[in-house]
Structure formats: structure tokens, C-alpha cells
Amino acid sequence: NVTLNARQNPTEVIIQMFGWSWDSIAAECEAFIGPAGYSWVQVSPPQEHITGGQWWTEYQPVSYKIQSKRGNRSQFQNMVSRCRNSGVRIIADAVINHMSAINSGTGVGGSSFSQFNYPGIYQRQDFHTCNRNGNNDIMNYNDRYEVQNCELNNLADLATESDYVRGKIAAYLNDLLSLGVEGLRIDAAKHIPTGDISNILSRLSRVVYITQEVIFGPGEPILPSEYTRNGDVQEFRYTYTLRDAFLGGTINNLRDFSTWGWVAGGQANAFVANHDTERDHFATPLKYDSPNNAYVLAHVFSLAHPYGQPSVLSGYSWSNFDTGAPDNGAGRCSGSGGSGGWLCQHRWLAISAMVGFRRTVGTAALNNWQSPANNRIAFGRGTTGFVAINRATSAWTGTFTTSLPNGSYCDVISGNPVNGACSGFAVNVSGGRFTATIPALSALAVHTGARGTGTG
Ligand code: ARE
Ligand code: CA
């Protein structure tokens with residue numbers, strides 16, 4: 001039986017608030033996220049996990065108690081309700097493929113555990129023994145059995161084919177739903193057969209948004225498309241394509257992904273970066289401090305383009321892969337930025353402005369594509385929005401053909417309408433056309449929800 005999950009709404013924007021504590025997310029929902037028009041926050045895994053200062057301890061569950069380094073159960077519940085009151089729903093990161101690495105200790109909530117033994121939850125028979133490679137680790141991603149039955153990074157692999165294990169996982173997820181969670185990101189979904197996920201989701205008490213982490217790997221047998229039956233899939237080919245385009249400077253091939261073999265936009269969760277890709281060991285990652293304003297320009301593109309349900313990554317600066325969040329996760333933002341290592345990318349003017357753009361253009365098709373050079377693109381969305389992205393290192397003066405109604409609009413990348421006047425640039429559309437100069441490594445976006453007058 002296929003679970004009918006809440007369909008995506010591609011006009012809504014998710015923020016992945018990486019490393020943020022529950023208390024700080026609650027405050028930020030009220031202060032900025034809700035008022036700015038974001039719809040969702042994806043939070044770190046909320047279950048009890050191993051101790052340690054590295055960010056990735058949260059991906060090693062030791063029990064399903066809602067108590068993590070980001071806060072306890074009542075703080076989690078408080079966050080969910082304060083965000084909901086601000087118009088923002090919570091997506092929890094669900095780590096259900098595995099428990100901790102094969103060792104013993106005490107979790108952040110005081111639960112003790114040892115090898116394949118999590119008292120009151122799982123014992124030896126609830127885990128796989130894949131009998132490969134001596135140590136049971138996944139070595140060969142070209143072997144479906146190994147990817148789904150061996151251990152990802154030595155993490156004790158749950159026997160998700162077992163009715164008992166499915167029941168325990170579903171009970172945990174239903175506990176999250178009872179606290180008001182409205183969406184789930186299924187971590188390491190590739191490592192769980194899609195039918196096992198379907199079965200677990202069929203046990204949920206109500207329909208929620210589902211996004212699944214299935215990283216496409218060239219030549220690998222397990223495909224993202226197998227998982228669309230359960231909900232959205234995180235389309236990493238999109239992420240890698242944007243990385244290469246915005247770091248490399250060739251962006252004129254990004255018009256239409258429908259023939260590229262990816263999951264369809266209506267089944268994709270699409271993002272410029274997540275917490276793994278910004279830390280990529282194998283390629284130069286696209287991240288907050290990438291040269292040529294690439295992080296911002298890629299987000300402008302992502303929020304303007306119709307493909308997928310978009311997520312924005314908001315986190316902290318770091319120099320070492322392992323570095324955990326500052327101040328125990330007490331995120332701090334003010335104005336259009338952050339402090340104390342917090343980046344608050346969700347507040348960056350260009351990124352937050354595009355949330356309103358996306359809401360205004362709705363599901364309108366992409367139109368009026370124009371690209372005079374491989375590092376310059378402009379396109380519209382129906383009759384309500386138009387964007388121009390200049391990845392060149394020199395200013396771009398152009399006359400653009402749009403389907404916008406005639407009138408005066410604020411460029412939301414540089415400012416907003418304040419009492420009818422634009423705090424940034426303005427453009428005048430006449431006969432569907434306007435002329436503007438877009439600074440080097442910058443963008444311009446106008447939509448019918450932000451009209452105003454001013455200078456170009
Ligand atoms: C940590 C240490 C390890 C140690 C382990 C056990 O870093 O050295 O062996 O603990 O003690 C995160 C971190 C890991 C961390 C882990 C547990 O990234 O470093 O290990 O937490 O604490 C594959 C999976 C994909 C996975 C990526 C990272 O398919 O699901 O690897 N991503 C998710 C999360 C991660 C998280 C986990 C899963 C585990 O988003 O943040 O790990 O819960 C090709 C393949 C991909 C493969 C990729 C990388 O592209 O196609 O499938 O992704 O290579 O190997
Ligand atoms: Ca598995």
C-alpha cells in the first residue's frame with residue numbers, strides 16, 4: 001500500500017536551520033521567519049544521540065527520547081507551537097536507518113547503550129549482519145544489497161524489514177507528529193529499501209510532508225526515482241548542477257531540467273546546498289563563502305526557477321569538517337545577517353526577498369528566457385515576476401522582454417517598497433519591456449507584489 005503523503009507546495013520555501021537550538025528557532029520564527037513568509041523550517045534530528053562536540057553526533061541515535069543537544073522535549077514542543085503560531089511548520093530530520101556506531105556509552109539524555117543493544121528498544125536481532133568486507137561496512141555502492149544491509153560509516157544498521165523495528169520507528173515518528181511536526185526528512189533513505197519506508201509511513205497517524213535523502217550516484221543501482229512513491233526526493237543532481245554552474249560561471253543551460261532524467265520537479269526537494277554538500281570532501285563545495293557571490297546567486301536562481309520544492313540552508317561558519325554549532329546552538333541574527341559565527345543566510349536580503357517572489361509567481365510557467373552570454377540569464381514567471389542574474393564580473397545593461405503589466409516595480413534584491421517608494425533600484429515596464437543595469441555578480445528581481453517608484 002502506497003502512503004498518500006502531503007503533496008509538495010512548490011511556492012513555499014523551507015529553511016534548513018542547521019545546528020540551531022529549539023529555543024533559538026522558536027524566537028527566530030517569531031522575529032523573522034514567519035513575517036518574511038517562509039513556510040517551513042527543517043530542524044536537526046531531535047532524538048537522543050551520542051555525546052560529543054562534533055555536529056554529526058546527532059546522526060547517531062541511542063534512543064527515541066526527544067532530547068538532543070538542541071533541546072529537550074518541552075523545548076521542542078514549545079518551538080513547534082511558537083513557529084506554527086508564526087505560520088511556520090516544522091520538518092524533523094528522521095534518522096531511522098541506523099542507531100549509533102558500534103560501541104558503547106551514554107547518550108545526551110542519560111540512556112546507556114552498548115554494541116547492538118539499546119535497552120528497551122533494540123537488541124542484536126533488530127540489526128543487520130551483512131557478512132561482507134569483514135567489518136560489515138558499506139564499501140561498494142554498486143551493490144544494492146550491501147548499501148541497504150551493511151553499515152553506513154559503521155552505524156548499526158536497523159533491520160527495517162522486521163515488523164518489530166518498523167513498529168518502533170513508526171512509534172517514534174508518531175510521537176513527533178503528536179508534538180505537531182508537519183514534515184519528515186528521511187535521512188539515509190537510500191540505505192533503506194523503498195518498500196520498507198512505505199510500510200513505516202503507512203503506520204503514521206496522519207499525512208505529513210515527506211522528503212527523502214537519496215543521493216544520486218552515477219552508475220549506482222539504487223535510484224532516486226524508486227522513492228517518489230513515498231513523497232519527495234532530494235535531487236542532488238540539481239544541487240551538483242547549480243554548484244558547477246555558479247562556481248564555474250556557465251549558467252545559460254539552466255532553463256529546463258525536465259529532460260535531464262532527474263525526478264520530476266513535482267517530486268523533487270531542490271536545494272543549493274545542505275549540511276553535507278557544504279562540507280563535501282570530494283569536490284569544491286558551493287557554500288556561504290564561495291567566490292563570486294555564488295551562494296547568493298544560486299539561491300536567487302533556485303527560488304526564481306519553478307523546479308522543485310526549494311530549501312535554503314542557514315547555518316554557521318566553520319573551518320573544520322567536525323566543528324559543531326557555536327554557543328551550543330543558540331543562533332543569533334539581527335538585521336540582514338548574523339553574529340558570533342551564525343550566518344543567518346535566511347535573512348540575507350537577496351535570499352529573503354525571493355521568498356516573496358516565489359509566493360507571488362505561484363506555479364506560473366517559466367517564460368521569456370533571455371541569455372546574451374553564458375554567464376547572464378533572465379527569465380519571467382507568467383505575468384507576475386521577472387528575474388535577471390548576472391554572473392559576469394562586469395555590469396550588465398540590457399533591455400528585457402517580459403509579460404509583466406506595465407508599471408513601476410521595485411527590484412527586491414536591492415530593496416523593498418516603503419510607502420510606495422523603492423528603497424533600492426526601481427524599473428519601469430512599458431510595452432512589457434524594461435531597461436536596467438545589473439551590477440557585476442548580482443541579480444535583479446521584480447514581481448507584482450512589490451510595486452514602487454524610484455530610480456533605476
Ligand atoms: C561520523 C564520522 C565517521 C565515523 C562515524 C561513526 O565522521 O568518520 O565512521 O561517525 O563513528 C553524518 C556525517 C558523518 C558521521 C555520521 C554519524 O556526515 O561523517 O560519521 O553523521 O555521526 C552517504 C549516504 C548519505 C549520507 C552521506 C554522508 O548515502 O545518506 O553518506 N548522508 C546522511 C546525512 C549525514 C549523516 C548520515 C547520513 C548518517 O545527511 O550528515 O552523516 O546519519 C556517494 C554516494 C552517497 C554517499 C556519498 C558519501 O555520493 O552516492 O550515497 O552518501 O558518496 O559517501
Ligand atoms: Ca540499512
# chains A, B, ... in the order shown; residues from 1 in each chain; ligands from 1
call {"tool": "residues_around", "arguments": {"residues": "A:Ile377", "least_positions_apart": "4", "cutoff": "12 Å", "atoms": "only C-alpha atoms", "output": "JSON, numbers by chain"}}
result
{"A": [245, 246, 249, 250, 251, 252, 253, 254, 255, 297, 300, 301, 304, 305, 368, 369, 370, 371, 372, 373, 386, 387, 388, 389, 390, 391, 392, 396, 398, 400, 438, 441, 442, 443, 444, 445]}
call {"tool": "select_by_dssp", "arguments": {"residues": "stretch 239-275 of chain A", "states": "helix (DSSP H, G or I)", "output": "list of chain:residue names"}}
result
A:Thr239, A:Tyr240, A:Thr241, A:Leu242, A:Arg243, A:Asp244, A:Ala245, A:Phe246, A:Leu247, A:Gly248, A:Gly265, A:Gly266, A:Gln267
call {"tool": "closest_atom_pairs", "arguments": {"of": "chain A", "to": "ligand 2", "cutoff": "6 Å", "atoms": "only C-alpha atoms and all ligand atoms", "output": "tab-separated table"}}
result
residue	atom	partner	partner_atom_place_in_ligand_line	distance
A:Asn97	CA	ligand 2	1 (Ca)	5.1
A:Gln148	CA	ligand 2	1 (Ca)	4.1
A:Asn149	CA	ligand 2	1 (Ca)	4.8
A:Asp157	CA	ligand 2	1 (Ca)	5.1
A:Leu158	CA	ligand 2	1 (Ca)	6.0
A:His191	CA	ligand 2	1 (Ca)	4.4
A:Ile192	CA	ligand 2	1 (Ca)	4.7
call {"tool": "write_last_selection", "arguments": {"atoms": "C-alpha atoms", "output": "short mmCIF file (atom, residue, chain, number, x, y, z; two decimals), in the first residue's frame"}}
result
data_model
loop_
_atom_site.label_atom_id
_atom_site.label_comp_id
_atom_site.auth_asym_id
_atom_site.auth_seq_id
_atom_site.Cartn_x
_atom_site.Cartn_y
_atom_site.Cartn_z
CA ASN A 97 18.27 3.69 9.02
CA GLN A 148 20.88 -1.40 2.26
CA ASN A 149 22.04 -4.14 4.61
CA ASP A 157 22.02 -0.89 10.62
CA LEU A 158 18.40 -1.47 11.59
CA HIS A 191 20.07 2.74 2.70
CA ILE A 192 16.50 1.61 3.42
#
call {"tool": "residues_near_ligand", "arguments": {"ligand": "ligand 1", "cutoff": "8 Å", "atoms": "only C-alpha atoms and all ligand atoms", "output": "compact mmCIF listing (two decimals) with N, CA, C and O atoms, in the first residue's frame"}}
result
# COMPACT_ATOMS: atom_id res chain seq x y z
N TRP A 55 29.27 18.21 15.11
CA TRP A 55 27.87 18.38 14.68
C TRP A 55 27.20 17.05 14.39
O TRP A 55 25.98 16.89 14.56
N TRP A 56 27.98 16.06 13.96
CA TRP A 56 27.37 14.83 13.45
C TRP A 56 26.97 13.83 14.53
O TRP A 56 26.44 12.77 14.22
N THR A 57 27.18 14.16 15.81
CA THR A 57 26.72 13.25 16.87
C THR A 57 25.20 13.06 16.79
O THR A 57 24.69 12.00 17.18
N GLU A 58 24.49 14.07 16.27
CA GLU A 58 23.02 13.98 16.19
C GLU A 58 22.56 12.90 15.22
O GLU A 58 21.40 12.51 15.25
N TYR A 59 23.46 12.47 14.34
CA TYR A 59 23.11 11.41 13.39
C TYR A 59 23.44 10.02 13.93
O TYR A 59 23.46 9.05 13.18
N GLN A 60 23.68 9.94 15.24
CA GLN A 60 23.91 8.63 15.87
C GLN A 60 22.93 8.46 17.03
O GLN A 60 23.27 8.71 18.20
N VAL A 95 16.27 10.13 11.59
CA VAL A 95 17.39 9.19 11.42
C VAL A 95 16.88 7.80 11.79
O VAL A 95 16.80 7.46 12.97
N ASN A 97 17.55 4.82 9.65
CA ASN A 97 18.27 3.69 9.02
C ASN A 97 19.14 2.96 10.02
O ASN A 97 19.44 1.79 9.85
N HIS A 98 19.56 3.69 11.05
CA HIS A 98 20.59 3.14 11.93
C HIS A 98 20.50 3.74 13.32
O HIS A 98 19.78 4.71 13.55
N SER A 100 23.59 4.25 16.70
CA SER A 100 24.94 4.81 16.78
C SER A 100 25.95 3.87 16.15
O SER A 100 25.62 2.75 15.74
N ALA A 101 27.20 4.33 16.09
CA ALA A 101 28.28 3.45 15.67
C ALA A 101 28.42 2.33 16.70
O ALA A 101 27.89 2.40 17.80
N ILE A 102 29.15 1.28 16.27
CA ILE A 102 29.21 0.07 17.06
C ILE A 102 30.13 0.26 18.26
O ILE A 102 31.32 -0.06 18.20
N TYR A 141 29.05 0.90 -3.46
CA TYR A 141 27.73 1.47 -3.71
C TYR A 141 27.07 0.90 -4.97
O TYR A 141 25.91 1.20 -5.25
N LEU A 152 26.48 1.95 7.19
CA LEU A 152 26.93 3.24 6.69
C LEU A 152 27.87 3.82 7.74
O LEU A 152 27.45 4.06 8.88
N ASN A 153 29.12 4.01 7.42
CA ASN A 153 30.10 4.56 8.38
C ASN A 153 30.09 3.84 9.72
O ASN A 153 30.14 4.49 10.76
N ASN A 154 29.92 2.51 9.71
CA ASN A 154 29.99 1.75 10.97
C ASN A 154 28.75 1.95 11.86
O ASN A 154 28.76 1.59 13.05
N LEU A 155 27.69 2.52 11.32
CA LEU A 155 26.49 2.79 12.12
C LEU A 155 25.60 1.54 12.12
O LEU A 155 25.30 0.98 11.06
N ASP A 187 16.46 10.63 6.62
CA ASP A 187 17.92 10.58 6.47
C ASP A 187 18.33 9.22 5.90
O ASP A 187 17.75 8.20 6.26
N ALA A 188 19.35 9.23 5.05
CA ALA A 188 19.93 7.98 4.53
C ALA A 188 18.87 7.06 3.92
O ALA A 188 18.95 5.84 4.04
N ALA A 189 17.88 7.64 3.26
CA ALA A 189 16.78 6.84 2.70
C ALA A 189 17.29 5.80 1.69
O ALA A 189 16.72 4.71 1.58
N LYS A 190 18.37 6.14 1.00
CA LYS A 190 18.93 5.18 0.03
C LYS A 190 19.30 3.85 0.68
O LYS A 190 19.28 2.81 0.02
N HIS A 191 19.60 3.93 1.97
CA HIS A 191 20.07 2.74 2.70
C HIS A 191 18.93 1.92 3.28
O HIS A 191 19.17 0.94 4.00
N GLU A 213 16.30 11.60 1.59
CA GLU A 213 17.68 11.79 1.14
C GLU A 213 18.15 10.56 0.37
O GLU A 213 18.53 9.54 0.95
N VAL A 214 18.09 10.66 -0.96
CA VAL A 214 18.60 9.58 -1.82
C VAL A 214 19.58 10.25 -2.78
O VAL A 214 19.19 10.83 -3.79
N ILE A 215 20.86 10.21 -2.44
CA ILE A 215 21.87 10.90 -3.23
C ILE A 215 22.11 10.13 -4.52
O ILE A 215 22.54 8.97 -4.47
N PHE A 216 21.84 10.75 -5.65
CA PHE A 216 22.13 10.08 -6.91
C PHE A 216 23.63 9.86 -7.05
O PHE A 216 24.43 10.78 -6.85
N GLY A 217 24.03 8.65 -7.38
CA GLY A 217 25.43 8.35 -7.66
C GLY A 217 25.53 7.73 -9.03
O GLY A 217 24.81 6.76 -9.31
N PRO A 218 26.39 8.26 -9.90
CA PRO A 218 26.49 7.73 -11.27
C PRO A 218 26.76 6.23 -11.26
O PRO A 218 27.66 5.77 -10.56
N GLU A 220 25.15 3.88 -9.89
CA GLU A 220 24.63 3.12 -8.75
C GLU A 220 23.26 2.52 -9.08
O GLU A 220 22.45 3.14 -9.78
N ASN A 274 23.24 21.55 1.26
CA ASN A 274 22.79 21.13 2.58
C ASN A 274 24.03 20.97 3.46
O ASN A 274 25.15 21.33 3.05
N HIS A 275 23.85 20.46 4.66
CA HIS A 275 24.96 20.38 5.60
C HIS A 275 26.06 19.43 5.14
O HIS A 275 27.21 19.59 5.54
N ASP A 276 25.71 18.46 4.32
CA ASP A 276 26.74 17.56 3.77
C ASP A 276 27.45 18.19 2.58
O ASP A 276 28.68 18.16 2.50
N ASP A 322 34.42 18.83 11.33
CA ASP A 322 33.72 18.37 12.55
C ASP A 322 33.08 19.50 13.37
O ASP A 322 32.24 19.23 14.23
call {"tool": "closest_residue", "arguments": {"among": "A:Cys150, A:Val208, A:Ile138, A:Ala364", "to": "A:Ile91", "atoms": "only C-alpha atoms"}}
result
A:Val208
call {"tool": "closest_residue", "arguments": {"among": "A:Ser414, A:Lys69, A:Val355, A:Asn406", "to": "A:Gly431", "atoms": "only C-alpha atoms"}}
result
A:Asn406
call {"tool": "closest_residue", "arguments": {"among": "A:Ala294, A:Gly456, A:Gly380, A:Val13", "to": "A:Gly415", "atoms": "only C-alpha atoms"}}
result
A:Gly456
call {"tool": "closest_residue", "arguments": {"among": "A:Gln123, A:Thr211, A:Ser319, A:Gln16", "to": "A:Ala273", "atoms": "only C-alpha atoms"}}
result
A:Gln16
call {"tool": "atom_distance", "arguments": {"atom1": "atom CA of A:Ser430", "atom2": "atom CA of A:Ser394"}}
result
26.1 Å
call {"tool": "atom_distance", "arguments": {"atom1": "atom CA of A:Gly87", "atom2": "atom CA of A:Ser39"}}
result
6.6 Å
call {"tool": "closest_residue", "arguments": {"among": "A:Met139, A:Tyr118, A:Ser225, A:Leu179", "to": "A:Ser74", "atoms": "only C-alpha atoms"}}
result
A:Leu179
call {"tool": "decode", "arguments": {"residues": "stretch 316-344 of chain A", "atoms": "N, CA, C and O atoms", "output": "short mmCIF file (atom, residue, chain, number, x, y, z; two decimals), in the first residue's frame"}}
result
data_model
loop_
_atom_site.label_atom_id
_atom_site.label_comp_id
_atom_site.auth_asym_id
_atom_site.auth_seq_id
_atom_site.Cartn_x
_atom_site.Cartn_y
_atom_site.Cartn_z
N TYR A 316 26.22 28.01 10.12
CA TYR A 316 27.27 28.77 10.79
C TYR A 316 28.58 28.58 10.03
O TYR A 316 28.74 27.64 9.27
N SER A 317 29.51 29.49 10.26
CA SER A 317 30.80 29.38 9.57
C SER A 317 31.69 28.40 10.34
O SER A 317 31.57 28.24 11.55
N TRP A 318 32.57 27.76 9.63
CA TRP A 318 33.42 26.73 10.22
C TRP A 318 34.66 26.59 9.35
O TRP A 318 34.67 26.99 8.19
N SER A 319 35.72 26.03 9.95
CA SER A 319 36.92 25.80 9.16
C SER A 319 37.29 24.33 9.15
O SER A 319 38.12 23.89 8.36
N ASN A 320 36.67 23.56 10.03
CA ASN A 320 36.98 22.14 10.14
C ASN A 320 35.69 21.34 9.96
O ASN A 320 34.64 21.74 10.50
N PHE A 321 35.75 20.23 9.26
CA PHE A 321 34.56 19.40 8.98
C PHE A 321 33.73 19.13 10.23
O PHE A 321 32.50 19.17 10.21
N ASP A 322 34.42 18.83 11.33
CA ASP A 322 33.72 18.37 12.55
C ASP A 322 33.08 19.50 13.37
O ASP A 322 32.24 19.23 14.23
N THR A 323 33.51 20.74 13.15
CA THR A 323 33.13 21.84 14.04
C THR A 323 31.63 21.93 14.27
O THR A 323 30.84 22.07 13.33
N GLY A 324 31.25 21.89 15.54
CA GLY A 324 29.84 21.99 15.89
C GLY A 324 29.37 23.44 15.91
O GLY A 324 30.15 24.39 15.78
N ALA A 325 28.07 23.61 16.12
CA ALA A 325 27.47 24.94 16.11
C ALA A 325 27.99 25.77 17.28
O ALA A 325 28.23 25.24 18.36
N PRO A 326 28.15 27.09 17.08
CA PRO A 326 28.59 27.95 18.18
C PRO A 326 27.54 28.02 19.29
O PRO A 326 26.36 27.76 19.05
N ASP A 327 27.97 28.41 20.46
CA ASP A 327 27.07 28.72 21.58
C ASP A 327 26.04 27.63 21.83
O ASP A 327 24.88 27.92 22.14
N ASN A 328 26.45 26.38 21.66
CA ASN A 328 25.52 25.29 21.90
C ASN A 328 24.24 25.42 21.07
O ASN A 328 23.17 24.96 21.49
N GLY A 329 24.35 26.05 19.92
CA GLY A 329 23.19 26.13 19.03
C GLY A 329 22.32 27.35 19.21
O GLY A 329 21.28 27.48 18.56
N ALA A 330 22.74 28.27 20.07
CA ALA A 330 21.93 29.47 20.31
C ALA A 330 22.13 30.47 19.17
O ALA A 330 22.91 31.41 19.27
N GLY A 331 21.42 30.25 18.07
CA GLY A 331 21.57 31.06 16.87
C GLY A 331 21.22 32.51 17.12
O GLY A 331 20.31 32.83 17.88
N ARG A 332 21.99 33.39 16.49
CA ARG A 332 21.76 34.83 16.67
C ARG A 332 21.76 35.53 15.32
O ARG A 332 22.70 35.39 14.55
N CYS A 333 20.71 36.29 15.07
CA CYS A 333 20.63 37.10 13.86
C CYS A 333 20.22 38.50 14.25
O CYS A 333 19.58 38.71 15.28
N SER A 334 20.57 39.45 13.40
CA SER A 334 20.00 40.78 13.54
C SER A 334 20.08 41.45 12.18
O SER A 334 20.99 41.15 11.39
N GLY A 335 19.12 42.31 11.89
CA GLY A 335 19.11 42.96 10.59
C GLY A 335 19.12 41.94 9.47
O GLY A 335 18.32 41.01 9.46
N SER A 336 20.07 42.07 8.57
CA SER A 336 20.12 41.13 7.45
C SER A 336 21.31 40.20 7.56
O SER A 336 21.85 39.75 6.56
N GLY A 337 21.69 39.88 8.80
CA GLY A 337 22.81 38.97 8.96
C GLY A 337 22.83 38.32 10.31
O GLY A 337 21.82 38.30 11.03
N GLY A 338 23.99 37.76 10.68
CA GLY A 338 24.12 37.07 11.95
C GLY A 338 25.35 37.55 12.70
O GLY A 338 26.05 38.46 12.25
N SER A 339 25.60 36.93 13.86
CA SER A 339 26.80 37.26 14.60
C SER A 339 27.26 36.04 15.37
O SER A 339 26.52 35.06 15.50
N GLY A 340 28.48 36.10 15.90
CA GLY A 340 29.01 35.00 16.70
C GLY A 340 29.18 33.72 15.90
O GLY A 340 29.07 32.63 16.44
N GLY A 341 29.46 33.85 14.60
CA GLY A 341 29.64 32.67 13.76
C GLY A 341 28.37 32.25 13.04
O GLY A 341 28.42 31.48 12.09
N TRP A 342 27.24 32.74 13.50
CA TRP A 342 25.98 32.42 12.82
C TRP A 342 25.86 33.24 11.56
O TRP A 342 26.13 34.44 11.57
N LEU A 343 25.43 32.61 10.48
CA LEU A 343 25.41 33.29 9.19
C LEU A 343 24.04 33.87 8.86
O LEU A 343 23.96 34.88 8.17
N CYS A 344 22.98 33.21 9.34
CA CYS A 344 21.61 33.73 9.11
C CYS A 344 21.37 33.99 7.63
O CYS A 344 20.80 35.03 7.25
#
